[in-house]
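Structure file upload_27.cif (mmCIF, C-alpha atoms and all ligand atoms) is printed below.
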```
data_start
#
loop_
_atom_site.label_atom_id
_atom_site.label_comp_id
_atom_site.auth_asym_id
_atom_site.auth_seq_id
_atom_site.Cartn_x
_atom_site.Cartn_y
_atom_site.Cartn_z
CA MET G 1 175.36 85.55 -13.38
CA LYS G 2 173.63 85.52 -9.99
CA THR G 3 172.37 82.28 -8.47
CA ILE G 4 169.34 82.32 -6.19
CA TYR G 5 169.29 79.53 -3.61
CA THR G 6 167.88 78.65 -0.19
CA ASP G 7 168.53 75.72 2.16
CA THR G 8 164.76 75.46 2.65
CA HIS G 9 164.76 72.85 -0.15
CA ARG G 10 166.06 70.33 2.44
CA LEU G 11 162.59 70.31 4.05
CA GLN G 12 161.41 68.22 1.09
CA HIS G 13 163.08 64.88 1.78
CA GLY G 14 160.76 62.02 0.91
CA ASN G 15 161.56 58.53 2.12
CA VAL G 16 160.34 56.45 -0.80
CA GLU G 17 158.72 56.48 -4.21
CA LEU G 18 156.98 53.62 -5.99
CA MET G 19 159.08 52.65 -9.01
CA ASP G 20 159.46 49.45 -11.02
CA GLY G 21 157.27 47.64 -8.49
CA GLN G 22 159.43 48.60 -5.54
CA LEU G 23 159.51 51.23 -2.86
CA LEU G 24 162.82 52.90 -3.69
CA PRO G 25 164.59 55.81 -2.01
CA CYS G 26 163.45 59.06 -3.66
CA PHE G 27 165.59 60.07 -6.65
CA GLU G 28 164.55 63.67 -6.06
CA LYS G 29 166.59 64.31 -2.90
CA PRO G 30 168.35 67.21 -1.13
CA GLU G 31 171.79 66.05 -2.24
CA ARG G 32 170.88 67.17 -5.78
CA ALA G 33 170.72 70.86 -4.92
CA ASP G 34 173.63 70.54 -2.50
CA LEU G 35 175.90 69.25 -5.29
CA ILE G 36 174.85 72.02 -7.64
CA ILE G 37 175.37 74.83 -5.12
CA THR G 38 178.75 73.37 -4.16
CA GLN G 39 179.87 73.57 -7.80
CA ILE G 40 178.52 77.11 -8.18
CA ARG G 41 180.28 78.31 -5.03
CA ALA G 42 183.56 76.81 -6.16
CA SER G 43 183.26 78.57 -9.54
CA ARG G 44 183.47 82.18 -10.74
CA LEU G 45 179.92 82.22 -12.04
CA GLY G 46 178.84 84.95 -9.60
CA PRO G 47 177.23 85.61 -6.21
CA VAL G 48 174.72 83.35 -4.47
CA LEU G 49 171.71 85.20 -3.00
CA GLU G 50 168.76 84.22 -0.79
CA PRO G 51 165.21 84.55 -2.19
CA ASP G 52 162.67 87.17 -1.09
CA ASP G 53 159.20 86.24 0.22
CA PHE G 54 156.48 87.04 -2.35
CA GLY G 55 153.43 85.78 -0.46
CA ILE G 56 150.65 83.81 -2.12
CA MET G 57 149.70 86.23 -4.95
CA PRO G 58 152.22 85.28 -7.66
CA LEU G 59 151.55 81.58 -6.95
CA ALA G 60 147.81 82.14 -7.33
CA ARG G 61 148.39 83.66 -10.79
CA VAL G 62 149.24 80.13 -11.97
CA HIS G 63 147.65 77.71 -9.47
CA THR G 64 144.03 77.48 -8.32
CA SER G 65 143.12 78.56 -4.80
CA ALA G 66 141.62 75.12 -4.07
CA TYR G 67 144.92 73.47 -5.02
CA LEU G 68 147.02 75.89 -2.96
CA ALA G 69 144.72 75.40 0.05
CA PHE G 70 145.08 71.64 -0.34
CA LEU G 71 148.88 71.74 -0.60
CA GLN G 72 149.20 73.99 2.42
CA SER G 73 147.02 71.77 4.62
CA ALA G 74 147.68 68.29 3.20
CA TRP G 75 150.31 67.17 5.72
CA ASP G 76 148.23 68.18 8.75
CA ALA G 77 145.13 66.51 7.28
CA TRP G 78 147.16 63.36 6.60
CA VAL G 79 148.43 63.19 10.19
CA GLU G 80 144.96 63.91 11.56
CA GLU G 81 143.34 61.15 9.51
CA HIS G 82 146.03 58.49 9.86
CA GLY G 83 147.81 59.49 13.03
CA SER G 84 150.78 58.53 10.93
CA THR G 85 154.08 60.17 10.23
CA HIS G 86 154.75 58.11 7.10
CA HIS G 87 154.91 60.42 4.12
CA ALA G 88 151.70 60.84 2.15
CA LEU G 89 151.39 59.10 -1.23
CA PRO G 90 148.25 58.75 -3.37
CA LEU G 91 147.13 55.28 -4.42
CA ASN G 92 144.36 55.51 -7.02
CA TRP G 93 143.07 57.85 -9.69
CA PRO G 94 139.86 58.45 -11.65
CA ILE G 95 140.10 56.94 -15.12
CA ARG G 96 137.80 57.16 -18.18
CA GLY G 97 134.17 57.33 -17.13
CA MET G 98 134.82 58.06 -13.44
CA ARG G 99 134.17 61.38 -11.74
CA SER G 100 137.21 63.65 -11.81
CA ASP G 101 135.28 66.85 -10.99
CA ILE G 102 134.63 66.31 -7.28
CA GLU G 103 137.20 67.01 -4.57
CA PRO G 104 136.66 64.23 -2.01
CA GLU G 105 136.57 64.93 1.73
CA ALA G 106 139.00 62.25 2.93
CA ILE G 107 142.67 63.11 2.62
CA ASP G 108 143.42 59.98 0.55
CA GLY G 109 140.77 61.10 -1.94
CA LYS G 110 142.18 64.62 -2.00
CA LEU G 111 145.71 63.33 -2.63
CA SER G 112 144.41 61.41 -5.64
CA TYR G 113 142.26 64.31 -6.87
CA PHE G 114 145.22 66.72 -6.93
CA SER G 115 147.98 64.39 -8.23
CA PHE G 116 148.94 62.15 -11.14
CA ASP G 117 151.59 59.79 -9.81
CA ALA G 118 152.83 57.83 -6.77
CA GLY G 119 156.38 59.15 -6.93
CA THR G 120 155.83 62.48 -5.22
CA PRO G 121 155.47 62.24 -1.42
CA ILE G 122 154.01 65.01 0.73
CA THR G 123 156.10 65.42 3.91
CA PRO G 124 155.99 67.74 6.95
CA GLY G 125 158.14 70.34 5.16
CA THR G 126 156.71 70.11 1.64
CA TRP G 127 154.76 73.38 1.67
CA GLN G 128 157.71 75.36 3.01
CA ALA G 129 160.11 73.75 0.54
CA VAL G 130 157.90 74.27 -2.52
CA THR G 131 157.05 77.90 -1.70
CA GLY G 132 160.76 78.51 -1.11
CA SER G 133 161.50 76.99 -4.51
CA ALA G 134 158.91 79.24 -6.20
CA TYR G 135 160.39 82.29 -4.43
CA VAL G 136 163.82 81.31 -5.77
CA ALA G 137 162.38 81.49 -9.29
CA LEU G 138 160.59 84.79 -8.58
CA THR G 139 163.71 86.39 -7.10
CA ALA G 140 165.74 85.38 -10.15
CA GLN G 141 162.95 86.74 -12.36
CA GLN G 142 163.26 90.05 -10.50
CA CYS G 143 166.98 90.20 -11.37
CA ILE G 144 166.13 89.92 -15.06
CA ALA G 145 163.29 92.43 -14.76
CA ALA G 146 165.83 94.82 -13.17
CA GLY G 147 167.97 94.58 -16.30
CA GLU G 148 170.35 91.68 -15.78
CA ARG G 149 171.09 89.54 -18.82
CA ALA G 150 170.66 86.21 -17.03
CA ALA G 151 170.05 84.61 -13.64
CA PHE G 152 170.00 81.07 -12.27
CA ALA G 153 167.13 79.95 -10.03
CA LEU G 154 168.44 76.87 -8.24
CA CYS G 155 164.95 75.55 -7.60
CA ARG G 156 164.31 72.36 -5.67
CA PRO G 157 161.80 70.71 -5.73
CA PRO G 158 161.42 71.06 -9.50
CA GLY G 159 158.20 72.38 -11.05
CA HIS G 160 157.54 71.60 -14.70
CA HIS G 161 155.19 68.62 -14.17
CA ALA G 162 152.87 70.65 -11.88
CA ALA G 163 149.80 72.20 -13.53
CA ALA G 164 147.27 74.73 -12.21
CA ASP G 165 145.69 72.17 -9.88
CA TYR G 166 147.79 69.03 -9.72
CA TYR G 167 151.18 67.74 -8.60
CA GLY G 168 153.30 64.79 -9.71
CA GLY G 169 156.69 63.91 -11.16
CA TYR G 170 158.40 65.33 -8.03
CA CYS G 171 156.79 68.75 -8.76
CA PHE G 172 154.25 70.77 -6.73
CA LEU G 173 154.41 74.41 -7.82
CA ASN G 174 155.41 75.24 -11.39
CA ASN G 175 158.37 77.52 -10.74
CA ALA G 176 159.05 78.26 -14.42
CA ALA G 177 155.39 79.08 -15.12
CA ILE G 178 155.17 81.30 -12.04
CA ALA G 179 158.24 83.23 -13.24
CA ALA G 180 156.93 83.46 -16.83
CA GLN G 181 153.59 84.77 -15.52
CA ALA G 182 155.46 87.36 -13.43
CA PHE G 183 157.12 88.70 -16.61
CA ILE G 184 153.69 88.99 -18.26
CA ASP G 185 152.18 90.66 -15.19
CA GLN G 186 155.00 93.21 -15.20
CA GLY G 187 154.14 94.16 -18.79
CA ALA G 188 156.19 91.88 -21.04
CA PRO G 189 154.09 91.23 -24.16
CA ARG G 190 155.69 87.85 -24.94
CA VAL G 191 157.68 85.21 -23.02
CA ALA G 192 159.12 81.92 -24.28
CA VAL G 193 159.62 78.88 -22.03
CA LEU G 194 162.06 76.32 -23.42
CA ASP G 195 162.18 73.07 -21.45
CA VAL G 196 165.33 71.00 -22.00
CA ASP G 197 164.71 68.54 -19.15
CA TYR G 198 164.54 64.88 -20.26
CA HIS G 199 160.84 64.72 -19.33
CA HIS G 200 157.96 66.50 -21.03
CA ALA G 201 156.89 69.83 -19.48
CA ASN G 202 153.29 68.68 -19.12
CA GLY G 203 152.47 71.21 -16.39
CA THR G 204 153.94 74.22 -18.19
CA GLN G 205 152.27 73.18 -21.46
CA THR G 206 148.89 72.81 -19.78
CA ILE G 207 149.09 76.13 -17.93
CA PHE G 208 149.76 78.14 -21.10
CA TYR G 209 148.02 75.92 -23.67
CA ALA G 210 145.28 78.38 -24.62
CA ARG G 211 147.47 81.50 -24.59
CA ASP G 212 149.61 83.17 -27.23
CA GLU G 213 151.67 85.43 -24.96
CA VAL G 214 153.68 82.48 -23.63
CA LEU G 215 155.34 80.20 -26.19
CA VAL G 216 156.11 76.78 -24.66
CA LEU G 217 158.60 74.38 -26.26
CA SER G 218 159.73 71.05 -24.80
CA LEU G 219 162.41 68.55 -25.89
CA HIS G 220 161.85 65.21 -24.17
CA GLY G 221 161.63 61.45 -24.14
CA ASP G 222 158.78 60.33 -26.40
CA PRO G 223 155.67 59.84 -24.22
CA ARG G 224 154.98 56.59 -26.09
CA GLN G 225 157.94 55.27 -24.08
CA GLU G 226 158.46 57.70 -21.26
CA PHE G 227 156.86 59.39 -18.26
CA PRO G 228 154.46 61.24 -18.15
CA TYR G 229 153.03 59.05 -21.00
CA PHE G 230 149.76 60.99 -21.41
CA LEU G 231 151.03 64.30 -22.77
CA GLY G 232 153.96 65.54 -24.83
CA TYR G 233 153.06 64.28 -28.32
CA ALA G 234 154.03 66.30 -31.40
CA ASP G 235 150.42 67.04 -32.38
CA GLU G 236 149.82 69.10 -29.21
CA THR G 237 150.22 72.57 -30.70
CA GLY G 238 147.93 74.72 -28.52
CA VAL G 239 144.24 75.57 -28.57
CA GLY G 240 142.18 78.70 -29.38
CA GLN G 241 144.35 81.82 -29.05
CA GLY G 242 147.19 79.50 -28.09
CA GLU G 243 147.08 77.50 -31.34
CA GLY G 244 150.62 77.41 -32.75
CA PHE G 245 152.21 78.53 -29.47
CA ASN G 246 153.10 75.09 -28.08
CA THR G 247 155.71 72.86 -29.68
CA ASN G 248 156.79 69.40 -28.55
CA TYR G 249 159.92 67.60 -29.71
CA PRO G 250 159.45 63.97 -28.57
CA LEU G 251 162.67 61.99 -29.04
CA PRO G 252 163.20 58.21 -28.73
CA TRP G 253 165.15 56.34 -26.06
CA GLY G 254 168.83 56.35 -26.99
CA THR G 255 168.76 59.84 -28.56
CA ASP G 256 172.35 61.05 -28.98
CA ALA G 257 173.78 64.58 -28.91
CA ALA G 258 173.59 65.06 -32.70
CA THR G 259 169.85 64.34 -32.80
CA TRP G 260 169.16 66.25 -29.59
CA PHE G 261 170.99 69.39 -30.77
CA ALA G 262 169.16 69.24 -34.11
CA ALA G 263 165.87 69.42 -32.19
CA LEU G 264 167.29 72.24 -30.04
CA GLU G 265 168.13 74.12 -33.24
CA SER G 266 164.51 73.85 -34.43
CA ALA G 267 163.32 75.15 -31.07
CA CYS G 268 165.77 78.07 -31.25
CA GLN G 269 164.51 78.99 -34.75
CA ARG G 270 160.93 79.01 -33.44
CA ILE G 271 161.97 81.21 -30.50
CA MET G 272 163.72 83.69 -32.80
CA ALA G 273 160.62 83.93 -35.00
CA TYR G 274 158.50 84.59 -31.90
CA ALA G 275 160.90 87.34 -30.67
CA PRO G 276 160.02 87.15 -26.97
CA ASP G 277 160.91 89.81 -24.41
CA ALA G 278 162.29 87.17 -22.05
CA LEU G 279 163.32 83.52 -22.20
CA VAL G 280 162.77 81.03 -19.37
CA ILE G 281 164.86 77.85 -19.60
CA SER G 282 163.51 74.88 -17.66
CA LEU G 283 166.93 73.35 -17.13
CA GLY G 284 167.08 69.62 -16.48
CA VAL G 285 170.35 67.73 -16.87
CA ASP G 286 168.71 64.30 -16.80
CA THR G 287 169.52 64.12 -20.55
CA TYR G 288 172.96 62.96 -19.35
CA LYS G 289 173.99 59.45 -20.45
CA GLY G 290 174.58 58.39 -16.84
CA ASP G 291 171.20 59.48 -15.52
CA PRO G 292 169.61 56.63 -13.53
CA ILE G 293 166.00 57.21 -14.68
CA SER G 294 166.53 58.55 -18.23
CA GLN G 295 167.53 57.24 -21.66
CA PHE G 296 169.33 59.98 -23.62
CA LEU G 297 173.06 59.96 -24.34
CA LEU G 298 174.34 63.49 -23.78
CA ASP G 299 177.87 63.70 -22.42
CA SER G 300 179.35 66.28 -20.04
CA ALA G 301 181.03 68.10 -22.97
CA ASP G 302 177.59 68.76 -24.50
CA TYR G 303 176.40 71.03 -21.67
CA PRO G 304 178.69 74.04 -22.34
CA ARG G 305 177.52 73.83 -25.95
CA LEU G 306 173.90 74.04 -24.81
CA GLY G 307 174.70 77.19 -22.83
CA GLN G 308 176.50 78.73 -25.79
CA ARG G 309 173.60 78.09 -28.16
CA LEU G 310 171.12 79.65 -25.75
CA ALA G 311 173.35 82.71 -25.31
CA ARG G 312 173.34 83.24 -29.09
CA LEU G 313 169.58 83.89 -28.92
CA GLY G 314 170.57 87.20 -27.33
CA LEU G 315 167.61 87.29 -24.93
CA PRO G 316 167.24 88.07 -21.22
CA THR G 317 167.41 84.51 -19.90
CA LEU G 318 166.15 83.00 -16.67
CA PHE G 319 167.43 79.50 -15.92
CA VAL G 320 165.10 77.50 -13.66
CA MET G 321 166.41 74.18 -12.30
CA GLU G 322 164.27 71.10 -13.01
CA GLY G 323 165.57 67.49 -13.04
CA GLY G 324 168.86 65.60 -13.13
CA TYR G 325 169.50 62.52 -10.98
CA ALA G 326 173.05 61.29 -11.65
CA VAL G 327 174.08 63.10 -8.52
CA GLU G 328 177.83 62.81 -9.06
CA ALA G 329 177.51 64.63 -12.42
CA ILE G 330 174.57 66.95 -11.83
CA GLY G 331 176.61 69.79 -10.34
CA VAL G 332 179.26 69.80 -13.04
CA ASN G 333 176.78 69.53 -15.90
CA THR G 334 174.54 72.29 -14.56
CA LEU G 335 177.46 74.66 -14.02
CA SER G 336 178.69 73.81 -17.55
CA VAL G 337 175.45 75.08 -19.11
CA LEU G 338 175.65 78.35 -17.18
CA SER G 339 179.38 78.83 -17.79
CA GLY G 340 178.88 78.09 -21.48
CA PHE G 341 176.19 80.78 -21.53
CA VAL G 342 178.25 83.53 -19.85
CA GLN G 343 181.43 82.74 -21.82
CA ALA G 344 179.69 82.70 -25.21
C1 LIG B 1 160.88 64.69 -12.89
B1 LIG B 1 161.68 65.67 -13.74
C2 LIG B 1 160.60 56.06 -14.38
C3 LIG B 1 159.63 56.66 -13.37
C4 LIG B 1 159.63 58.13 -13.51
C5 LIG B 1 158.86 60.19 -12.44
C6 LIG B 1 159.95 60.98 -13.08
C7 LIG B 1 159.79 62.45 -12.79
C8 LIG B 1 160.89 63.29 -13.38
N1 LIG B 1 160.48 54.62 -14.48
N2 LIG B 1 159.07 58.77 -12.37
O1 LIG B 1 161.13 65.95 -15.00
O2 LIG B 1 163.07 65.37 -13.88
ZN ZN B 2 163.21 65.26 -15.86
#
```

Translate this file's structure into structure tokens.
Amino acid sequence: MKTIYTDTHRLQHGNVELMDGQLLPCFEKPERADLIITQIRASRLGPVLEPDDFGIMPLARVHTSAYLAFLQSAWDAWVEEHGSTHHALPLNWPIRGMRSDIEPEAIDGKLSYFSFDAGTPITPGTWQAVTGSAYVALTAQQCIAAGERAAFALCRPPGHHAAADYYGGYCFLNNAAIAAQAFIDQGAPRVAVLDVDYHHANGTQTIFYARDEVLVLSLHGDPRQEFPYFLGYADETGVGQGEGFNTNYPLPWGTDAATWFAALESACQRIMAYAPDALVISLGVDTYKGDPISQFLLDSADYPRLGQRLARLGLPTLFVMEGGYAVEAIGVNTLSVLSGFVQA
């Protein structure tokens, strides 16, 4: 299996995020991808390739032009308005009854308009890092389109919390959605996106919510307890043409491997019934029991088993990296999923 990777991810290196009432060092940091690529290079998984440049078009198939224009210019606007080199974080959001349909002029207003949390800093290199991450996903998608059974997009920053016109949860461009849309645009009638990251795939769900040609399934911490809190409930099943083509599996804090794999089995049955032409796996390993921001209990031995189960679906499979923050284990656990897949 080929891995697509670029060092450009290092350009996204936020100083702090607001968490538990403190400014803490960002959990989503360059070391994450460095540990994963180190494991891949030391293994026999396969070659590591650089991404191609795809321009703005495939990004604009998923994201709005206003949002892309904002992301591209946000850092410069921030520096111009504040004369500051501190990283840009939003501070307030429109709630019930306030106007959420007007893009403000001031950069602080724009940051709020296009975001949903204060954990996702915009830095001098954010645009370059996030476009690089999307191109990693698109290059891996191209491998599958060219006939390969599987490919690994080592994306960083992650993408699954980003919707058509907002960022948050460490995500700016929805790499998995951009790749899924590329399959559709190349003529695939049906694509399934299965998100096994600990957090709900709110961005991916929202992007495809009204459509039946992309089935979206997400296993995640119950939003009653867990970020992103305001999406990811079991009764969100799609709308219009998309009704029945979104499935959430919210699971409580403390979920163990037995319960988690039972939910995975349900998701696999749904995927088999759908019979997609390609499968995109949003791969987070923050389900690990040692993850510093998550509350599931999967152990390292569970990750090869995940890869094996996905391989048994028998589909062209694109793995897109999402979360995972126990940095000492993230490389091993990620490689275990991929090795489990190729050895199945
Ligand atoms: C991104 B990905 C927990 C705060 C959570 C945001 C988490 C984003 C996770 N107290 N902050 O899905 O791994
Ligand atoms: Zn996550």

**Message:** Around ligand ZN 2 (chain B), out to 6 Å and counting all atoms listed in the file, which residues are there? I want them as a PyMOL selection string.
**Reply:** chain G and resi 197-199+284+286+323

**Asked** Separation of atom C6 of ligand LIG 1 (chain B) and atom CA of G:Glu31, in Å?
**Response**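 Separation between atom C6 of ligand LIG 1 (chain B) and atom CA of G:Glu31: 16.8 Å.
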
**Request:** Using all atoms listed in the file, find each residue with an atom at most 9 Å away from ligand LIG 1 (chain B) and format the answer as a VMD selection string.
**Result:** chain G and resid 17 to 20 27 to 28 117 to 120 158 to 161 168 to 171 197 to 201 226 to 228 284 to 286 293 to 294 322 to 325

Quick one: write out the picked residues with C-alpha atoms as a compact mmCIF listing (two decimals), keeping the file's coordinate frame?
```txt
# COMPACT_ATOMS: atom_id res chain seq x y z
CA GLU G 17 158.72 56.48 -4.21
CA LEU G 18 156.98 53.62 -5.99
CA MET G 19 159.08 52.65 -9.01
CA ASP G 20 159.46 49.45 -11.02
CA PHE G 27 165.59 60.07 -6.65
CA GLU G 28 164.55 63.67 -6.06
CA ASP G 117 151.59 59.79 -9.81
CA ALA G 118 152.83 57.83 -6.77
CA GLY G 119 156.38 59.15 -6.93
CA THR G 120 155.83 62.48 -5.22
CA PRO G 158 161.42 71.06 -9.50
CA GLY G 159 158.20 72.38 -11.05
CA HIS G 160 157.54 71.60 -14.70
CA HIS G 161 155.19 68.62 -14.17
CA GLY G 168 153.30 64.79 -9.71
CA GLY G 169 156.69 63.91 -11.16
CA TYR G 170 158.40 65.33 -8.03
CA CYS G 171 156.79 68.75 -8.76
CA ASP G 197 164.71 68.54 -19.15
CA TYR G 198 164.54 64.88 -20.26
CA HIS G 199 160.84 64.72 -19.33
CA HIS G 200 157.96 66.50 -21.03
CA ALA G 201 156.89 69.83 -19.48
CA GLU G 226 158.46 57.70 -21.26
CA PHE G 227 156.86 59.39 -18.26
CA PRO G 228 154.46 61.24 -18.15
CA GLY G 284 167.08 69.62 -16.48
CA VAL G 285 170.35 67.73 -16.87
CA ASP G 286 168.71 64.30 -16.80
CA ILE G 293 166.00 57.21 -14.68
CA SER G 294 166.53 58.55 -18.23
CA GLU G 322 164.27 71.10 -13.01
CA GLY G 323 165.57 67.49 -13.04
CA GLY G 324 168.86 65.60 -13.13
CA TYR G 325 169.50 62.52 -10.98
```

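Here atom CA of G:Ile40 stands at a distance of 26.7 Å from atom CA of G:Thr204.
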
**Prompt:** G:Asp256: which residues within 7 Å, counting only C-alpha atoms, same-chain residues fewer than 2 positions away excluded, as a VMD selection string?
**Reply:** chain G and resid 254 258 to 260 296 to 298

**Message:** I'd like the neighbourhood of G:Ser339 as a ChimeraX atom specification, where a residue qualifies if any of its atoms comes within 8 Å (using only C-alpha atoms), though same-chain residues fewer than 4 positions away should be ignored.
**Reply:** /G:45,304,307,335,343

**Request:** Please provide the set of residues having any atom within 10 Å of G:Ser112, restricted to all atoms listed in the file, with same-chain residues fewer than 3 positions apart removed, written as a PyMOL selection string.
**Result:** chain G and resi 89-94+100+103-104+107-109+115-118+166-167

**Message:** Counting only C-alpha atoms, I want the residues whose atoms come within 6 Å of (161.0, 59.3, -27.2) in the file frame, returned as a ChimeraX atom specification.
**Reply:** /G:221-222,225,250-253

**Item:** Contacts of G:Ala179 within 8 Å, all atoms listed in the file, excl. fewer than 4 positions in-chain, as a PyMOL selection string
**Value:** chain G and resi 137-138+141+175+183+280
